[in-house]
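Participant: First, the structure itself, so that you have it in front of you.
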Amino acid sequence: MLFALARFLSCGIWLLAGLYKLTHFKHTTQDMSRRRIPYASFFLIITLLLELVGTASVFTSNYVWLVAILWIIFMIIATPIYHGKFIQEKKIFFPEFVQFSKNISLVGGLIALAALDPALPVWLKNIFT
């Protein structure tokens with residue numbers, strides 16, 4: 001029951017983020033380009049696959065551990081790019097700091113989600129448990 005609740009609650013942010021990016025594709029690629037991300041359209045498609053296909057997989061309890069690991073890797077890469085500039089003019093820009101901190105917290109939840117997956121491969125059990 002706890003694993004089902006964790007899966008359900010984890011899917012919300014990924015589904016909403018993916019749907020927003022999908023319906024605002026041009027705006028999102030422009031934002032990514034402003035942040036100096038090369039091949040913005042290509043990386044946005046990869047992001048959409050991670051968010052939307054990953055959500056479907058986690059929601060249906062398929063390869064939850066793998067999606068959680070992929071989302072962790074994504075967060076480690078994307079968080080400093082999108083929210084790492086929270087110190088501006090020697091002052092903390094609090095909204096960006098909150099987003100940065102939220103993403104760090106999400107990584108903690110994703111570690112727990114992977115650890116709760118009964119299908120977690122034996123070779124990963126020592127890392128996640």
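We label chains A, B, ... in the order they appear in the structure tokens, count residues from 1 in each chain, and number ligands from 1 in the order shown.
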Where in stretch 20-112 of chain A does DSSP assign strand (DSSP E or B), given as a PyMOL selection string?
Facilitator: chain A and resi 87-88+91-92
Participant: Need the shell around A:Met1: protein/DNA/RNA residues with any atom at most 12 Å away, counting only C-alpha atoms. Skip same-chain ones fewer than 4 positions apart. Format as JSON, numbers by chain?
Facilitator: {"A": [5, 6, 7, 8, 116, 117]}
Participant: I need the chosen residues saved as a CSV table (one decimal), in the first residue's frame, with N, CA and C atoms.
Facilitator:
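Result written to part19.csv:
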```
chain,number,residue,atom,x,y,z
A,5,LEU,N,1.0,4.3,-2.8
A,5,LEU,CA,0.9,5.7,-2.5
A,5,LEU,C,2.1,6.5,-2.9
A,6,ALA,N,3.3,6.0,-2.7
A,6,ALA,CA,4.5,6.7,-3.1
A,6,ALA,C,4.5,6.9,-4.6
A,7,ARG,N,4.2,5.9,-5.3
A,7,ARG,CA,4.1,5.9,-6.8
A,7,ARG,C,3.2,7.0,-7.3
A,8,PHE,N,1.9,7.0,-6.7
A,8,PHE,CA,0.9,7.9,-7.1
A,8,PHE,C,1.3,9.3,-6.9
A,116,LEU,N,11.8,1.2,-2.4
A,116,LEU,CA,10.6,0.6,-2.1
A,116,LEU,C,10.1,-0.4,-3.2
A,117,ASP,N,10.7,-0.3,-4.4
A,117,ASP,CA,10.2,-1.1,-5.5
A,117,ASP,C,10.6,-2.6,-5.2
```
Participant: With only C-alpha atoms as the atoms that count, which of A:Phe43, A:Trp71, A:Phe93, A:Trp123 lies nearest to A:Gly108?
Facilitator: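 Answer, going by the shortest atom-to-atom distance: A:Trp71.
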Participant: Go through A:Arg35, A:Leu48, A:Ser61, A:Leu66 and flag the residue nearest A:Pro80, using only C-alpha atoms for the distances.
Facilitator: A:Arg35
Participant: In Å to one decimal, how far is atom CA of A:Thr129 from atom CA of A:Glu51?
Facilitator: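 Calculated distance between atom CA of A:Glu51 and atom CA of A:Thr129 is 25.2 Å.
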